[in-house]
$ cat my_file-v4.csv   # CSV, C-alpha atoms
chain,number,residue,atom,x,y,z
Z,1,GLY,CA,172.3,88.9,80.0
Z,2,ALA,CA,170.1,91.9,81.1
Z,3,VAL,CA,173.0,94.3,82.0
Z,4,VAL,CA,172.2,97.9,82.6
Z,5,SER,CA,174.9,100.6,82.9
Z,6,GLN,CA,174.6,104.0,84.4
Z,7,HIS,CA,177.0,106.9,84.1
Z,8,PRO,CA,178.4,108.7,86.0
Z,9,SER,CA,178.5,106.6,89.2
Z,10,ARG,CA,179.1,109.6,91.3
Z,11,VAL,CA,178.9,113.3,90.8
Z,12,ILE,CA,179.4,116.4,92.9
Z,13,CYS,CA,178.2,119.7,91.6
Z,14,LYS,CA,177.5,123.2,92.7
Z,15,SER,CA,174.1,124.5,93.4
Z,16,GLY,CA,172.4,125.8,90.3
Z,17,THR,CA,174.2,123.6,87.8
Z,18,SER,CA,172.6,120.9,85.7
Z,19,VAL,CA,173.6,117.3,85.8
Z,20,LYS,CA,173.0,114.6,83.2
Z,21,ILE,CA,172.8,110.9,84.0
Z,22,GLU,CA,172.8,108.2,81.3
Z,23,CYS,CA,171.2,104.8,81.5
Z,24,ARG,CA,172.0,102.1,79.0
Z,25,SER,CA,170.7,98.6,78.5
Z,26,LEU,CA,173.8,96.8,77.2
Z,27,ASP,CA,172.6,93.5,75.9
Z,28,PHE,CA,168.9,94.0,75.3
Z,29,GLN,CA,166.5,96.5,73.9
Z,30,ALA,CA,164.2,98.1,76.5
Z,31,THR,CA,161.1,99.9,75.3
Z,32,THR,CA,160.6,101.1,78.9
Z,33,MET,CA,163.0,102.5,81.3
Z,34,PHE,CA,162.3,103.8,84.8
Z,35,TRP,CA,164.0,106.4,87.0
Z,36,TYR,CA,164.0,106.1,90.8
Z,37,ARG,CA,165.4,108.1,93.6
Z,38,GLN,CA,166.4,106.6,96.9
Z,39,PHE,CA,167.3,108.5,100.1
Z,40,PRO,CA,169.4,106.9,102.8
Z,41,LYS,CA,167.7,104.0,104.5
Z,42,GLN,CA,164.6,104.4,102.5
Z,43,SER,CA,163.1,102.3,99.7
Z,44,LEU,CA,163.1,103.3,96.0
Z,45,MET,CA,160.7,105.9,94.9
Z,46,LEU,CA,159.6,105.9,91.3
Z,47,MET,CA,160.1,109.3,89.6
Z,48,ALA,CA,159.1,108.6,86.0
Z,49,THR,CA,158.5,106.0,83.4
Z,50,SER,CA,160.4,106.6,80.1
Z,51,ASN,CA,159.2,105.1,76.8
Z,52,GLU,CA,161.3,105.2,73.7
Z,53,GLY,CA,160.1,107.9,71.3
Z,54,SER,CA,157.5,109.4,73.5
Z,55,LYS,CA,157.3,111.8,76.5
Z,56,ALA,CA,158.0,110.4,79.9
Z,57,THR,CA,155.3,109.9,82.4
Z,58,TYR,CA,156.0,111.5,85.8
Z,59,GLU,CA,154.8,110.4,89.2
Z,60,GLN,CA,152.8,112.7,91.3
Z,61,GLY,CA,154.9,115.4,92.9
Z,62,VAL,CA,157.9,115.0,90.5
Z,63,GLU,CA,158.6,118.2,88.6
Z,64,LYS,CA,158.9,117.4,84.9
Z,65,ASP,CA,160.7,120.7,84.1
Z,66,LYS,CA,163.3,120.0,86.8
Z,67,PHE,CA,163.9,116.4,86.0
Z,68,LEU,CA,164.2,116.2,82.2
Z,69,ILE,CA,164.0,112.7,80.7
Z,70,ASN,CA,164.9,111.8,77.2
Z,71,HIS,CA,164.6,108.3,75.8
Z,72,ALA,CA,166.4,108.6,72.5
Z,73,SER,CA,166.7,104.9,71.6
Z,74,LEU,CA,165.8,101.5,72.7
Z,75,THR,CA,169.0,101.3,74.7
Z,76,LEU,CA,169.5,104.8,76.1
Z,77,SER,CA,167.6,107.0,78.5
Z,78,THR,CA,168.9,110.2,80.1
Z,79,LEU,CA,167.9,112.1,83.2
Z,80,THR,CA,168.9,115.7,83.5
Z,81,VAL,CA,168.6,117.4,86.9
Z,82,THR,CA,168.3,121.0,86.1
Z,83,SER,CA,169.3,123.8,88.4
Z,84,ALA,CA,170.3,121.3,91.1
Z,85,HIS,CA,169.9,122.2,94.8
Z,86,PRO,CA,171.2,120.5,97.9
Z,87,GLU,CA,167.9,118.9,98.5
Z,88,ASP,CA,168.3,117.1,95.2
Z,89,SER,CA,171.2,115.2,96.6
Z,90,SER,CA,170.3,111.5,96.4
Z,91,PHE,CA,171.0,108.1,94.9
Z,92,TYR,CA,169.4,108.0,91.4
Z,93,ILE,CA,168.8,104.6,89.9
Z,94,CYS,CA,167.5,103.6,86.5
Z,95,SER,CA,166.1,100.3,85.4
Z,96,ALA,CA,165.2,98.8,82.1
Z,97,ALA,CA,162.4,96.4,81.5
Z,98,SER,CA,163.1,93.1,79.8
Z,99,ARG,CA,160.5,90.4,79.0
Z,100,THR,CA,160.2,88.0,81.9
Z,101,SER,CA,161.0,84.3,81.0
Z,102,GLY,CA,158.0,82.0,80.7
Z,103,GLY,CA,156.0,84.3,78.4
Z,104,VAL,CA,154.1,86.0,81.2
Z,105,SER,CA,152.9,89.5,80.6
Z,106,THR,CA,155.0,91.3,83.1
Z,107,ASP,CA,158.5,92.4,82.3
Z,108,THR,CA,161.3,92.2,84.8
Z,109,GLN,CA,163.2,95.4,85.7
Z,110,TYR,CA,166.9,95.2,85.8
Z,111,PHE,CA,168.7,98.0,87.6
Z,112,GLY,CA,171.7,100.1,86.8
Z,113,PRO,CA,174.4,100.6,89.4
Z,114,GLY,CA,173.1,104.0,90.4
Z,115,THR,CA,174.4,107.5,90.5
Z,116,ARG,CA,175.1,109.3,93.7
Z,117,LEU,CA,174.5,113.0,93.3
Z,118,THR,CA,175.8,115.5,95.8
Z,119,VAL,CA,174.9,119.1,95.4
Z,120,LEU,CA,177.0,121.5,97.3
R,1,GLY,CA,146.7,102.8,96.2
R,2,GLN,CA,148.9,99.9,97.1
R,3,ASN,CA,150.1,98.9,100.6
R,4,ILE,CA,153.1,96.7,100.8
R,5,ASP,CA,154.4,95.8,104.2
R,6,GLN,CA,157.6,94.0,105.3
R,7,PRO,CA,159.5,93.9,108.5
R,8,THR,CA,162.2,96.6,108.9
R,9,GLU,CA,165.0,94.5,110.2
R,10,MET,CA,165.9,90.9,110.9
R,11,THR,CA,169.0,89.3,112.4
R,12,ALA,CA,170.1,85.7,111.8
R,13,THR,CA,173.2,83.5,112.2
R,14,GLU,CA,175.5,82.3,109.5
R,15,GLY,CA,174.3,78.9,108.2
R,16,ALA,CA,170.8,79.4,109.5
R,17,ILE,CA,167.5,80.1,107.6
R,18,VAL,CA,165.6,83.3,107.5
R,19,GLN,CA,162.1,84.0,106.1
R,20,ILE,CA,161.2,87.5,105.1
R,21,ASN,CA,157.5,88.1,104.8
R,22,CYS,CA,155.7,90.6,102.6
R,23,THR,CA,152.0,91.4,102.6
R,24,TYR,CA,150.3,93.5,100.0
R,25,GLN,CA,146.9,95.0,99.4
R,26,THR,CA,146.2,95.8,95.8
R,27,SER,CA,143.7,95.4,93.0
R,28,GLY,CA,144.7,94.0,89.6
R,29,PHE,CA,147.7,92.1,90.9
R,30,ASN,CA,150.1,91.2,88.2
R,31,GLY,CA,153.2,89.8,89.9
R,32,LEU,CA,155.5,90.1,92.8
R,33,PHE,CA,159.3,90.6,92.7
R,34,TRP,CA,162.0,90.2,95.3
R,35,TYR,CA,165.3,92.2,94.9
R,36,GLN,CA,168.4,92.2,97.0
R,37,GLN,CA,170.2,95.5,97.6
R,38,HIS,CA,173.6,95.9,99.3
R,39,ALA,CA,174.3,99.3,100.9
R,40,GLY,CA,175.2,101.9,98.3
R,41,GLU,CA,174.4,99.6,95.4
R,42,ALA,CA,171.5,99.1,93.0
R,43,PRO,CA,169.0,96.3,93.5
R,44,THR,CA,169.6,93.0,91.9
R,45,PHE,CA,166.8,90.7,90.8
R,46,LEU,CA,166.2,87.6,92.8
R,47,SER,CA,162.8,86.2,91.9
R,48,TYR,CA,159.4,86.7,90.3
R,49,ASN,CA,156.1,85.1,91.3
R,50,VAL,CA,152.8,85.5,89.6
R,51,LEU,CA,151.1,82.2,90.3
R,52,ASP,CA,150.6,80.7,93.8
R,53,GLY,CA,153.3,78.4,95.1
R,54,LEU,CA,157.0,78.1,95.7
R,55,GLU,CA,159.7,79.1,93.3
R,56,GLU,CA,163.2,77.7,94.3
R,57,LYS,CA,166.5,79.1,93.0
R,58,GLY,CA,169.4,77.6,94.9
R,59,ARG,CA,169.6,78.9,98.4
R,60,PHE,CA,166.8,81.4,97.8
R,61,SER,CA,163.1,80.5,97.5
R,62,SER,CA,160.0,82.7,97.1
R,63,PHE,CA,156.4,81.8,97.9
R,64,LEU,CA,153.2,83.5,96.8
R,65,SER,CA,149.6,83.2,98.0
R,66,ARG,CA,147.4,85.6,95.9
R,67,SER,CA,144.3,84.9,98.0
R,68,LYS,CA,146.1,86.0,101.1
R,69,GLY,CA,148.1,88.8,99.6
R,70,TYR,CA,151.2,87.3,101.0
R,71,SER,CA,154.7,86.4,99.9
R,72,TYR,CA,157.9,85.3,101.6
R,73,LEU,CA,161.5,85.1,100.6
R,74,LEU,CA,163.4,82.2,102.2
R,75,LEU,CA,167.1,82.4,102.5
R,76,LYS,CA,168.9,79.1,103.4
R,77,GLU,CA,172.4,78.4,104.5
R,78,LEU,CA,173.0,82.0,105.3
R,79,GLN,CA,176.3,83.5,104.4
R,80,MET,CA,177.8,86.8,105.6
R,81,LYS,CA,177.5,88.2,102.1
R,82,ASP,CA,173.7,87.8,102.4
R,83,SER,CA,173.6,90.8,104.7
R,84,ALA,CA,171.6,93.3,102.7
R,85,SER,CA,168.2,94.8,102.2
R,86,TYR,CA,165.6,92.7,100.6
R,87,LEU,CA,162.9,94.6,98.7
R,88,CYS,CA,159.4,93.2,97.9
R,89,ALA,CA,157.8,94.9,94.9
R,90,VAL,CA,154.4,94.5,93.3
R,91,THR,CA,153.1,95.3,89.8
R,92,ILE,CA,149.5,95.8,88.8
R,93,LYS,CA,147.8,95.3,85.5
R,94,ALA,CA,146.7,98.9,85.1
R,95,ALA,CA,150.2,100.2,85.7
R,96,GLY,CA,152.0,98.3,83.0
R,97,ASN,CA,155.5,97.4,84.2
R,98,LYS,CA,155.7,99.9,87.1
R,99,LEU,CA,156.9,98.5,90.4
R,100,THR,CA,155.7,99.6,93.8
R,101,PHE,CA,158.3,98.8,96.4
R,102,GLY,CA,157.8,98.0,100.1
R,103,GLY,CA,160.1,99.6,102.6
R,104,GLY,CA,162.6,96.8,102.4
R,105,THR,CA,163.9,94.4,105.1
R,106,ARG,CA,167.4,94.8,106.3
R,107,VAL,CA,168.9,91.4,107.1
R,108,LEU,CA,172.0,91.2,109.3
R,109,VAL,CA,173.9,87.9,109.2
R,110,LYS,CA,176.1,87.4,112.3
R,111,PRO,CA,178.9,84.8,112.6

$ encode --input "my_file-v4.csv" --output "structure tokens"
Amino acid sequence: GAVVSQHPSRVICKSGTSVKIECRSLDFQATTMFWYRQFPKQSLMLMATSNEGSKATYEQGVEKDKFLINHASLTLSTLTVTSAHPEDSSFYICSAASRTSGGVSTDTQYFGPGTRLTVL
Amino acid sequence: GQNIDQPTEMTATEGAIVQINCTYQTSGFNGLFWYQQHAGEAPTFLSYNVLDGLEEKGRFSSFLSRSKGYSYLLLKELQMKDSASYLCAVTIKAAGNKLTFGGGTRVLVKP
């Protein structure tokens, strides 16, 4: 259980184009999904928190007009990188929160396989 | 803010034991997670601790002391495939389910 898929796994695009990344929870419903970015040899940096049916909450320094997030259903969230530039090249990872076993109040995040974006 | 510290790199021998420490400073602590991440892949969930003590799952164990702001991940009977980065992450009550990650510890297992 708790499988999260992400598509595409790899994308190469020209500067100025937009790229959409999909994140799906396959066997559970996730009210909350998260989008991270990871540069080489660095840890994950949270970009935004996505809640189904409401606007995403962006972390400080993340441009909401550049990184558009849509959480259309309990199993799907999308991240669109608009007008991509080479500095946007990175590994983008989504996660979906599922209730932690034992009835505790914190959910466990399960990660998708990631999308490697290269902007030329 | 939150400070989460873990060593950058560790090296160990196949079959041995390695302990990865994680210290954190935060208010409203609501749980600590350990994830494993192989190069170029997404993190996979290893363990979750919210109460003090040791949680054992096969070759992997995780320990938490809330009063000391300290956790460790213990890997026993190391295998070559355990070479990966191990990420410590903390949640706080005020932030819902948001995770704040440490920098990760890269473990290299040698034959």

$ atom_distance --input "my_file-v4.csv" --atom1 "atom CA of R:Lys76" --atom2 "atom CA of R:Lys57"
10.7 Å

$ residues_around --input "my_file-v4.csv" --residues "Z:Leu44" --least-positions-apart "6" --cutoff "9 Å" --atoms "all atoms listed in the file" --output "compact mmCIF listing (two decimals) with C-alpha atoms, in the coordinates of the input"
# COMPACT_ATOMS: atom_id res chain seq x y z
CA TYR Z 36 164.00 106.10 90.80
CA ARG Z 37 165.40 108.10 93.60
CA GLN Z 38 166.40 106.60 96.90
CA ILE Z 93 168.80 104.60 89.90
CA THR R 100 155.70 99.60 93.80
CA PHE R 101 158.30 98.80 96.40
CA GLY R 102 157.80 98.00 100.10
CA GLY R 103 160.10 99.60 102.60

$ residues_around --input "my_file-v4.csv" --residues "stretch 69-73 of chain R" --least-positions-apart "6" --cutoff "6 Å" --atoms "all atoms listed in the file" --output "list of chain:residue names"
R:Gln19, R:Ile20, R:Asn21, R:Cys22, R:Thr23, R:Tyr24, R:Ser61, R:Ser62, R:Phe63

$ write_last_selection --input "my_file-v4.csv" --atoms "C-alpha atoms" --output "PDB file, keeping the file's coordinate frame"
ATOM      1  CA  GLN R  19     162.100  84.000 106.100  1.00  0.00           C
ATOM      2  CA  ILE R  20     161.200  87.500 105.100  1.00  0.00           C
ATOM      3  CA  ASN R  21     157.500  88.100 104.800  1.00  0.00           C
ATOM      4  CA  CYS R  22     155.700  90.600 102.600  1.00  0.00           C
ATOM      5  CA  THR R  23     152.000  91.400 102.600  1.00  0.00           C
ATOM      6  CA  TYR R  24     150.300  93.500 100.000  1.00  0.00           C
ATOM      7  CA  SER R  61     163.100  80.500  97.500  1.00  0.00           C
ATOM      8  CA  SER R  62     160.000  82.700  97.100  1.00  0.00           C
ATOM      9  CA  PHE R  63     156.400  81.800  97.900  1.00  0.00           C
TER      10      PHE R  63
END

$ interface_residues --input "my_file-v4.csv" --of "chain Z" --to "chain R" --cutoff "9 Å" --atoms "all atoms listed in the file" --output "NGL selection string"
:Z and (32 or 34 or 40-46 or 49 or 91 or 93-94 or 97 or 100 or 104-114 or 116)

$ closest_residue --input "my_file-v4.csv" --among "R:Glu55, R:Glu77, R:Glu14, R:Asp82" --to "R:Lys110" --atoms "all atoms listed in the file"
R:Glu14

$ atom_distance --input "my_file-v4.csv" --atom1 "atom CA of Z:Thr17" --atom2 "atom CA of Z:His85"
8.3 Å

$ atom_distance --input "my_file-v4.csv" --atom1 "atom CA of R:Ser65" --atom2 "atom CA of R:Gln36"
20.9 Å

$ residues_near_point --input "my_file-v4.csv" --point "(168.6, 109.1, 77.9)" --cutoff "8 Å" --atoms "all atoms listed in the file" --output "PyMOL selection string"
chain Z and resi 21-24+69-73+76-79
